[in-house]
Amino acid sequence: MNQEITAKEYRKIHGWLHRNYGDANHCDNPKCDSLGTIFETYDWAVIHEKGYAYNISHFMQLCRRCHKRYDISQKENKIIITPSYNSKAIIRQIIIYEEKLKERGSNMNPKTKIKIIEKIKKLKEEL
């Protein structure tokens with residue numbers, strides 16, 4: 001998919017990603033050959049076949065090196081990363097939210113607790 005979006009829409013979608021799912025913190029590419037050091041930079045990368053949308057299943061987390069390779073592969077019509085690995089990212093997010101509930105559940109604001117439970121349900125639907 002070769003989807004054109006405005007810079008404003010790009011910023012809005014990435015802002016939504018960061019607000020709802022935090023910073024990218026790992027590389028979903030199983031063939032990644034980066035060092036994985038604490039200095040590594042990670043990005044939310046759109047899955048080219050799905051395009052930009054307010055939907056976590058349209059994104060995967062990649063180190064900067066794999067992200068650049070993935071984008072270049074799209075321009076050359078080569079696929080070097082299989083987007084199906086995005087389900088691992090969704091599962092990780094579910095685990096993070098469930099851990100938050102376990103850790104802070106009894107001390108958590110009831111509205112916040114409901115929002116987290118709704119996010120978990122929504123993520124599970126995307127699997």
# chains A, B, ... in the order shown; residues from 1 in each chain; ligands from 1
call {"tool": "residues_around", "arguments": {"residues": "segment 9-13 of chain A", "least_positions_apart": "6", "cutoff": "10 Å", "atoms": "only C-alpha atoms", "output": "PyMOL selection string"}}
result
chain A and resi 19+52-55
call {"tool": "write_last_selection", "arguments": {"atoms": "N, CA and C atoms", "output": "PDB file, in the first residue's frame"}}
result
ATOM      1  N   ARG A  19       0.856   8.435  23.171  1.00  0.00           N
ATOM      2  CA  ARG A  19      -0.042   8.626  24.325  1.00  0.00           C
ATOM      3  C   ARG A  19      -0.657   7.308  24.789  1.00  0.00           C
ATOM      4  N   TYR A  52      -1.515   3.946   7.335  1.00  0.00           N
ATOM      5  CA  TYR A  52      -1.697   4.733   8.553  1.00  0.00           C
ATOM      6  C   TYR A  52      -3.152   4.724   8.987  1.00  0.00           C
ATOM      7  N   ALA A  53      -3.358   4.501  10.288  1.00  0.00           N
ATOM      8  CA  ALA A  53      -4.694   4.545  10.889  1.00  0.00           C
ATOM      9  C   ALA A  53      -4.511   4.589  12.394  1.00  0.00           C
ATOM     10  N   TYR A  54      -5.557   4.971  13.090  1.00  0.00           N
ATOM     11  CA  TYR A  54      -5.535   4.966  14.551  1.00  0.00           C
ATOM     12  C   TYR A  54      -5.819   3.531  15.015  1.00  0.00           C
ATOM     13  N   ASN A  55      -4.872   2.642  14.753  1.00  0.00           N
ATOM     14  CA  ASN A  55      -5.045   1.227  15.048  1.00  0.00           C
ATOM     15  C   ASN A  55      -3.656   0.635  15.295  1.00  0.00           C
TER      16      ASN A  55
END
call {"tool": "select_by_dssp", "arguments": {"residues": "chain A", "states": "strand (DSSP E or B)", "output": "PyMOL selection string"}}
result
chain A and resi 42-46+59-63
call {"tool": "select_by_dssp", "arguments": {"residues": "chain A", "states": "helix (DSSP H, G or I)", "output": "PDB file with N, CA and C atoms, in the first residue's frame"}}
result
ATOM      1  N   ALA A   7       1.606  15.784   6.683  1.00  0.00           N
ATOM      2  CA  ALA A   7       2.527  15.825   7.825  1.00  0.00           C
ATOM      3  C   ALA A   7       1.749  16.007   9.124  1.00  0.00           C
ATOM      4  N   LYS A   8       0.677  16.784   9.061  1.00  0.00           N
ATOM      5  CA  LYS A   8      -0.149  17.021  10.247  1.00  0.00           C
ATOM      6  C   LYS A   8      -0.802  15.719  10.715  1.00  0.00           C
ATOM      7  N   GLU A   9      -1.364  14.958   9.784  1.00  0.00           N
ATOM      8  CA  GLU A   9      -2.001  13.684  10.133  1.00  0.00           C
ATOM      9  C   GLU A   9      -0.960  12.681  10.647  1.00  0.00           C
ATOM     10  N   TYR A  10       0.218  12.690  10.042  1.00  0.00           N
ATOM     11  CA  TYR A  10       1.320  11.824  10.497  1.00  0.00           C
ATOM     12  C   TYR A  10       1.642  12.122  11.968  1.00  0.00           C
ATOM     13  N   ARG A  11       1.784  13.412  12.304  1.00  0.00           N
ATOM     14  CA  ARG A  11       2.093  13.806  13.688  1.00  0.00           C
ATOM     15  C   ARG A  11       0.962  13.416  14.639  1.00  0.00           C
ATOM     16  N   LYS A  12      -0.280  13.588  14.194  1.00  0.00           N
ATOM     17  CA  LYS A  12      -1.420  13.236  15.039  1.00  0.00           C
ATOM     18  C   LYS A  12      -1.449  11.735  15.335  1.00  0.00           C
ATOM     19  N   ILE A  13      -1.221  10.931  14.317  1.00  0.00           N
ATOM     20  CA  ILE A  13      -1.245   9.473  14.514  1.00  0.00           C
ATOM     21  C   ILE A  13      -0.097   9.041  15.419  1.00  0.00           C
ATOM     22  N   HIS A  14       1.100   9.582  15.195  1.00  0.00           N
ATOM     23  CA  HIS A  14       2.234   9.206  16.048  1.00  0.00           C
ATOM     24  C   HIS A  14       2.050   9.731  17.472  1.00  0.00           C
ATOM     25  N   GLY A  15       1.420  10.883  17.637  1.00  0.00           N
ATOM     26  CA  GLY A  15       1.109  11.381  18.977  1.00  0.00           C
ATOM     27  C   GLY A  15       0.142  10.442  19.680  1.00  0.00           C
ATOM     28  N   TRP A  16      -0.855   9.974  18.954  1.00  0.00           N
ATOM     29  CA  TRP A  16      -1.819   9.006  19.502  1.00  0.00           C
ATOM     30  C   TRP A  16      -1.107   7.724  19.930  1.00  0.00           C
ATOM     31  N   LEU A  17      -0.186   7.243  19.080  1.00  0.00           N
ATOM     32  CA  LEU A  17       0.575   6.031  19.421  1.00  0.00           C
ATOM     33  C   LEU A  17       1.334   6.216  20.732  1.00  0.00           C
ATOM     34  N   HIS A  18       2.046   7.318  20.857  1.00  0.00           N
ATOM     35  CA  HIS A  18       2.852   7.564  22.059  1.00  0.00           C
ATOM     36  C   HIS A  18       1.981   7.746  23.302  1.00  0.00           C
ATOM     37  N   ARG A  19       0.856   8.435  23.171  1.00  0.00           N
ATOM     38  CA  ARG A  19      -0.042   8.626  24.325  1.00  0.00           C
ATOM     39  C   ARG A  19      -0.657   7.308  24.789  1.00  0.00           C
ATOM     40  N   ASN A  20      -1.027   6.461  23.842  1.00  0.00           N
ATOM     41  CA  ASN A  20      -1.737   5.237  24.186  1.00  0.00           C
ATOM     42  C   ASN A  20      -0.837   4.022  24.408  1.00  0.00           C
ATOM     43  N   TYR A  21       0.333   3.996  23.774  1.00  0.00           N
ATOM     44  CA  TYR A  21       1.177   2.806  23.847  1.00  0.00           C
ATOM     45  C   TYR A  21       2.612   3.095  24.284  1.00  0.00           C
ATOM     46  N   ILE A  56      -3.420   0.129  16.504  1.00  0.00           N
ATOM     47  CA  ILE A  56      -2.099  -0.388  16.860  1.00  0.00           C
ATOM     48  C   ILE A  56      -1.672  -1.548  15.965  1.00  0.00           C
ATOM     49  N   SER A  57      -2.626  -2.294  15.424  1.00  0.00           N
ATOM     50  CA  SER A  57      -2.256  -3.435  14.582  1.00  0.00           C
ATOM     51  C   SER A  57      -1.686  -2.993  13.235  1.00  0.00           C
ATOM     52  N   HIS A  58      -1.709  -1.688  12.959  1.00  0.00           N
ATOM     53  CA  HIS A  58      -1.110  -1.164  11.728  1.00  0.00           C
ATOM     54  C   HIS A  58       0.348  -0.751  11.937  1.00  0.00           C
ATOM     55  N   ARG A  64      15.977   1.732  14.769  1.00  0.00           N
ATOM     56  CA  ARG A  64      16.121   2.708  13.685  1.00  0.00           C
ATOM     57  C   ARG A  64      16.726   2.068  12.433  1.00  0.00           C
ATOM     58  N   ARG A  65      17.680   1.184  12.636  1.00  0.00           N
ATOM     59  CA  ARG A  65      18.346   0.533  11.502  1.00  0.00           C
ATOM     60  C   ARG A  65      17.354  -0.316  10.691  1.00  0.00           C
ATOM     61  N   CYS A  66      16.556  -1.146  11.385  1.00  0.00           N
ATOM     62  CA  CYS A  66      15.575  -1.985  10.696  1.00  0.00           C
ATOM     63  C   CYS A  66      14.465  -1.138  10.076  1.00  0.00           C
ATOM     64  N   HIS A  67      14.100  -0.045  10.746  1.00  0.00           N
ATOM     65  CA  HIS A  67      13.063   0.840  10.228  1.00  0.00           C
ATOM     66  C   HIS A  67      13.502   1.420   8.875  1.00  0.00           C
ATOM     67  N   LYS A  68      14.729   1.894   8.810  1.00  0.00           N
ATOM     68  CA  LYS A  68      15.233   2.455   7.546  1.00  0.00           C
ATOM     69  C   LYS A  68      15.260   1.387   6.461  1.00  0.00           C
ATOM     70  N   ARG A  69      15.732   0.195   6.817  1.00  0.00           N
ATOM     71  CA  ARG A  69      15.768  -0.910   5.846  1.00  0.00           C
ATOM     72  C   ARG A  69      14.365  -1.265   5.368  1.00  0.00           C
ATOM     73  N   TYR A  70      13.426  -1.292   6.291  1.00  0.00           N
ATOM     74  CA  TYR A  70      12.041  -1.638   5.957  1.00  0.00           C
ATOM     75  C   TYR A  70      11.450  -0.611   4.997  1.00  0.00           C
ATOM     76  N   ASP A  71      11.667   0.672   5.262  1.00  0.00           N
ATOM     77  CA  ASP A  71      11.141   1.711   4.387  1.00  0.00           C
ATOM     78  C   ASP A  71      11.799   1.665   3.014  1.00  0.00           C
ATOM     79  N   ILE A  72      13.092   1.404   2.972  1.00  0.00           N
ATOM     80  CA  ILE A  72      13.791   1.289   1.686  1.00  0.00           C
ATOM     81  C   ILE A  72      13.266   0.084   0.914  1.00  0.00           C
ATOM     82  N   SER A  73      13.023  -1.031   1.621  1.00  0.00           N
ATOM     83  CA  SER A  73      12.519  -2.235   0.960  1.00  0.00           C
ATOM     84  C   SER A  73      11.163  -1.967   0.311  1.00  0.00           C
ATOM     85  N   GLN A  74      10.351  -1.100   0.910  1.00  0.00           N
ATOM     86  CA  GLN A  74       9.053  -0.757   0.348  1.00  0.00           C
ATOM     87  C   GLN A  74       9.235  -0.027  -0.979  1.00  0.00           C
ATOM     88  N   LYS A  75      10.197   0.881  -1.022  1.00  0.00           N
ATOM     89  CA  LYS A  75      10.442   1.641  -2.250  1.00  0.00           C
ATOM     90  C   LYS A  75      10.927   0.721  -3.371  1.00  0.00           C
ATOM     91  N   PRO A  83       5.326  -8.494   8.453  1.00  0.00           N
ATOM     92  CA  PRO A  83       4.521  -7.729   9.399  1.00  0.00           C
ATOM     93  C   PRO A  83       3.738  -8.559  10.406  1.00  0.00           C
ATOM     94  N   SER A  84       3.571  -9.848  10.201  1.00  0.00           N
ATOM     95  CA  SER A  84       2.801 -10.657  11.137  1.00  0.00           C
ATOM     96  C   SER A  84       3.408 -10.658  12.527  1.00  0.00           C
ATOM     97  N   TYR A  85       4.654 -10.239  12.665  1.00  0.00           N
ATOM     98  CA  TYR A  85       5.283 -10.182  13.975  1.00  0.00           C
ATOM     99  C   TYR A  85       4.666  -9.083  14.841  1.00  0.00           C
ATOM    100  N   ASN A  86       3.809  -8.257  14.257  1.00  0.00           N
ATOM    101  CA  ASN A  86       3.161  -7.203  15.016  1.00  0.00           C
ATOM    102  C   ASN A  86       2.283  -7.767  16.132  1.00  0.00           C
ATOM    103  N   SER A  87       1.791  -8.987  15.971  1.00  0.00           N
ATOM    104  CA  SER A  87       0.968  -9.572  17.032  1.00  0.00           C
ATOM    105  C   SER A  87       1.766  -9.702  18.323  1.00  0.00           C
ATOM    106  N   LYS A  88       3.079  -9.879  18.211  1.00  0.00           N
ATOM    107  CA  LYS A  88       3.921  -9.919  19.409  1.00  0.00           C
ATOM    108  C   LYS A  88       3.892  -8.573  20.133  1.00  0.00           C
ATOM    109  N   ALA A  89       3.885  -7.495  19.370  1.00  0.00           N
ATOM    110  CA  ALA A  89       3.837  -6.157  19.971  1.00  0.00           C
ATOM    111  C   ALA A  89       2.510  -5.950  20.700  1.00  0.00           C
ATOM    112  N   ILE A  90       1.427  -6.423  20.119  1.00  0.00           N
ATOM    113  CA  ILE A  90       0.116  -6.288  20.759  1.00  0.00           C
ATOM    114  C   ILE A  90       0.093  -7.093  22.059  1.00  0.00           C
ATOM    115  N   ILE A  91       0.618  -8.303  22.022  1.00  0.00           N
ATOM    116  CA  ILE A  91       0.659  -9.145  23.218  1.00  0.00           C
ATOM    117  C   ILE A  91       1.495  -8.473  24.305  1.00  0.00           C
ATOM    118  N   ARG A  92       2.628  -7.875  23.931  1.00  0.00           N
ATOM    119  CA  ARG A  92       3.466  -7.161  24.911  1.00  0.00           C
ATOM    120  C   ARG A  92       2.688  -6.023  25.563  1.00  0.00           C
ATOM    121  N   GLN A  93       1.926  -5.280  24.768  1.00  0.00           N
ATOM    122  CA  GLN A  93       1.156  -4.173  25.316  1.00  0.00           C
ATOM    123  C   GLN A  93       0.085  -4.680  26.282  1.00  0.00           C
ATOM    124  N   ILE A  94      -0.547  -5.795  25.945  1.00  0.00           N
ATOM    125  CA  ILE A  94      -1.544  -6.385  26.839  1.00  0.00           C
ATOM    126  C   ILE A  94      -0.889  -6.751  28.166  1.00  0.00           C
ATOM    127  N   ILE A  95       0.278  -7.362  28.103  1.00  0.00           N
ATOM    128  CA  ILE A  95       0.994  -7.767  29.317  1.00  0.00           C
ATOM    129  C   ILE A  95       1.342  -6.545  30.165  1.00  0.00           C
ATOM    130  N   ILE A  96       1.807  -5.472  29.527  1.00  0.00           N
ATOM    131  CA  ILE A  96       2.165  -4.243  30.252  1.00  0.00           C
ATOM    132  C   ILE A  96       0.945  -3.689  30.987  1.00  0.00           C
ATOM    133  N   TYR A  97      -0.197  -3.612  30.295  1.00  0.00           N
ATOM    134  CA  TYR A  97      -1.405  -3.096  30.932  1.00  0.00           C
ATOM    135  C   TYR A  97      -1.880  -4.008  32.061  1.00  0.00           C
ATOM    136  N   GLU A  98      -1.802  -5.326  31.854  1.00  0.00           N
ATOM    137  CA  GLU A  98      -2.224  -6.251  32.904  1.00  0.00           C
ATOM    138  C   GLU A  98      -1.319  -6.142  34.133  1.00  0.00           C
ATOM    139  N   GLU A  99      -0.017  -5.920  33.911  1.00  0.00           N
ATOM    140  CA  GLU A  99       0.909  -5.729  35.033  1.00  0.00           C
ATOM    141  C   GLU A  99       0.591  -4.447  35.798  1.00  0.00           C
ATOM    142  N   LYS A 100       0.222  -3.391  35.073  1.00  0.00           N
ATOM    143  CA  LYS A 100      -0.174  -2.135  35.729  1.00  0.00           C
ATOM    144  C   LYS A 100      -1.368  -2.368  36.639  1.00  0.00           C
ATOM    145  N   LEU A 101      -2.343  -3.139  36.144  1.00  0.00           N
ATOM    146  CA  LEU A 101      -3.518  -3.428  36.953  1.00  0.00           C
ATOM    147  C   LEU A 101      -3.159  -4.211  38.214  1.00  0.00           C
ATOM    148  N   LYS A 102      -2.265  -5.187  38.070  1.00  0.00           N
ATOM    149  CA  LYS A 102      -1.851  -5.985  39.226  1.00  0.00           C
ATOM    150  C   LYS A 102      -1.110  -5.138  40.251  1.00  0.00           C
ATOM    151  N   GLU A 103      -0.180  -4.311  39.765  1.00  0.00           N
ATOM    152  CA  GLU A 103       0.643  -3.496  40.657  1.00  0.00           C
ATOM    153  C   GLU A 103      -0.149  -2.408  41.369  1.00  0.00           C
ATOM    154  N   ARG A 104      -0.986  -1.703  40.621  1.00  0.00           N
ATOM    155  CA  ARG A 104      -1.646  -0.516  41.167  1.00  0.00           C
ATOM    156  C   ARG A 104      -3.159  -0.635  41.264  1.00  0.00           C
ATOM    157  N   GLY A 105      -3.687  -1.782  40.930  1.00  0.00           N
ATOM    158  CA  GLY A 105      -5.136  -1.962  40.844  1.00  0.00           C
ATOM    159  C   GLY A 105      -5.923  -1.456  42.031  1.00  0.00           C
ATOM    160  N   SER A 106      -5.518  -1.819  43.247  1.00  0.00           N
ATOM    161  CA  SER A 106      -6.295  -1.423  44.431  1.00  0.00           C
ATOM    162  C   SER A 106      -6.155   0.069  44.741  1.00  0.00           C
ATOM    163  N   ASN A 107      -5.057   0.675  44.327  1.00  0.00           N
ATOM    164  CA  ASN A 107      -4.829   2.108  44.593  1.00  0.00           C
ATOM    165  C   ASN A 107      -5.176   2.995  43.397  1.00  0.00           C
ATOM    166  N   PRO A 110     -10.735   4.584  39.886  1.00  0.00           N
ATOM    167  CA  PRO A 110     -11.654   3.677  39.189  1.00  0.00           C
ATOM    168  C   PRO A 110     -11.825   3.986  37.698  1.00  0.00           C
ATOM    169  N   LYS A 111     -11.826   5.269  37.336  1.00  0.00           N
ATOM    170  CA  LYS A 111     -11.965   5.632  35.918  1.00  0.00           C
ATOM    171  C   LYS A 111     -10.741   5.182  35.126  1.00  0.00           C
ATOM    172  N   THR A 112      -9.559   5.344  35.706  1.00  0.00           N
ATOM    173  CA  THR A 112      -8.325   4.910  35.060  1.00  0.00           C
ATOM    174  C   THR A 112      -8.327   3.397  34.898  1.00  0.00           C
ATOM    175  N   LYS A 113      -8.770   2.715  35.939  1.00  0.00           N
ATOM    176  CA  LYS A 113      -8.835   1.249  35.902  1.00  0.00           C
ATOM    177  C   LYS A 113      -9.753   0.779  34.763  1.00  0.00           C
ATOM    178  N   ILE A 114     -10.895   1.420  34.622  1.00  0.00           N
ATOM    179  CA  ILE A 114     -11.839   1.067  33.552  1.00  0.00           C
ATOM    180  C   ILE A 114     -11.215   1.323  32.188  1.00  0.00           C
ATOM    181  N   LYS A 115     -10.501   2.454  32.029  1.00  0.00           N
ATOM    182  CA  LYS A 115      -9.841   2.763  30.752  1.00  0.00           C
ATOM    183  C   LYS A 115      -8.815   1.695  30.386  1.00  0.00           C
ATOM    184  N   ILE A 116      -8.041   1.253  31.380  1.00  0.00           N
ATOM    185  CA  ILE A 116      -7.023   0.237  31.115  1.00  0.00           C
ATOM    186  C   ILE A 116      -7.683  -1.087  30.721  1.00  0.00           C
ATOM    187  N   ILE A 117      -8.744  -1.451  31.415  1.00  0.00           N
ATOM    188  CA  ILE A 117      -9.464  -2.690  31.080  1.00  0.00           C
ATOM    189  C   ILE A 117     -10.029  -2.608  29.659  1.00  0.00           C
ATOM    190  N   GLU A 118     -10.557  -1.441  29.292  1.00  0.00           N
ATOM    191  CA  GLU A 118     -11.074  -1.253  27.928  1.00  0.00           C
ATOM    192  C   GLU A 118      -9.956  -1.355  26.889  1.00  0.00           C
ATOM    193  N   LYS A 119      -8.780  -0.793  27.202  1.00  0.00           N
ATOM    194  CA  LYS A 119      -7.645  -0.887  26.278  1.00  0.00           C
ATOM    195  C   LYS A 119      -7.228  -2.339  26.090  1.00  0.00           C
ATOM    196  N   ILE A 120      -7.208  -3.105  27.185  1.00  0.00           N
ATOM    197  CA  ILE A 120      -6.837  -4.521  27.090  1.00  0.00           C
ATOM    198  C   ILE A 120      -7.842  -5.261  26.193  1.00  0.00           C
ATOM    199  N   LYS A 121      -9.133  -5.017  26.391  1.00  0.00           N
ATOM    200  CA  LYS A 121     -10.158  -5.667  25.563  1.00  0.00           C
ATOM    201  C   LYS A 121      -9.977  -5.314  24.088  1.00  0.00           C
ATOM    202  N   LYS A 122      -9.721  -4.028  23.824  1.00  0.00           N
ATOM    203  CA  LYS A 122      -9.541  -3.565  22.451  1.00  0.00           C
ATOM    204  C   LYS A 122      -8.320  -4.225  21.802  1.00  0.00           C
ATOM    205  N   LEU A 123      -7.233  -4.314  22.553  1.00  0.00           N
ATOM    206  CA  LEU A 123      -6.021  -4.957  22.030  1.00  0.00           C
ATOM    207  C   LEU A 123      -6.268  -6.436  21.746  1.00  0.00           C
ATOM    208  N   LYS A 124      -6.982  -7.102  22.623  1.00  0.00           N
ATOM    209  CA  LYS A 124      -7.266  -8.536  22.413  1.00  0.00           C
ATOM    210  C   LYS A 124      -8.117  -8.755  21.183  1.00  0.00           C
ATOM    211  N   GLU A 125      -8.996  -7.819  20.872  1.00  0.00           N
ATOM    212  CA  GLU A 125      -9.819  -7.907  19.666  1.00  0.00           C
ATOM    213  C   GLU A 125      -8.968  -7.800  18.402  1.00  0.00           C
ATOM    214  N   GLU A 126      -7.843  -7.092  18.494  1.00  0.00           N
ATOM    215  CA  GLU A 126      -6.973  -6.871  17.343  1.00  0.00           C
ATOM    216  C   GLU A 126      -6.098  -8.078  17.020  1.00  0.00           C
TER     217      GLU A 126
END
call {"tool": "atom_distance", "arguments": {"atom1": "atom CA of Phe59 of chain A", "atom2": "atom CA of Ala24 of chain A"}}
result
10.4 Å
call {"tool": "atom_distance", "arguments": {"atom1": "atom CA of Met108 of chain A", "atom2": "atom CA of Gly22 of chain A"}}
result
19.1 Å
call {"tool": "atom_distance", "arguments": {"atom1": "atom CA of Lys31 of chain A", "atom2": "atom CA of His48 of chain A"}}
result
18.1 Å
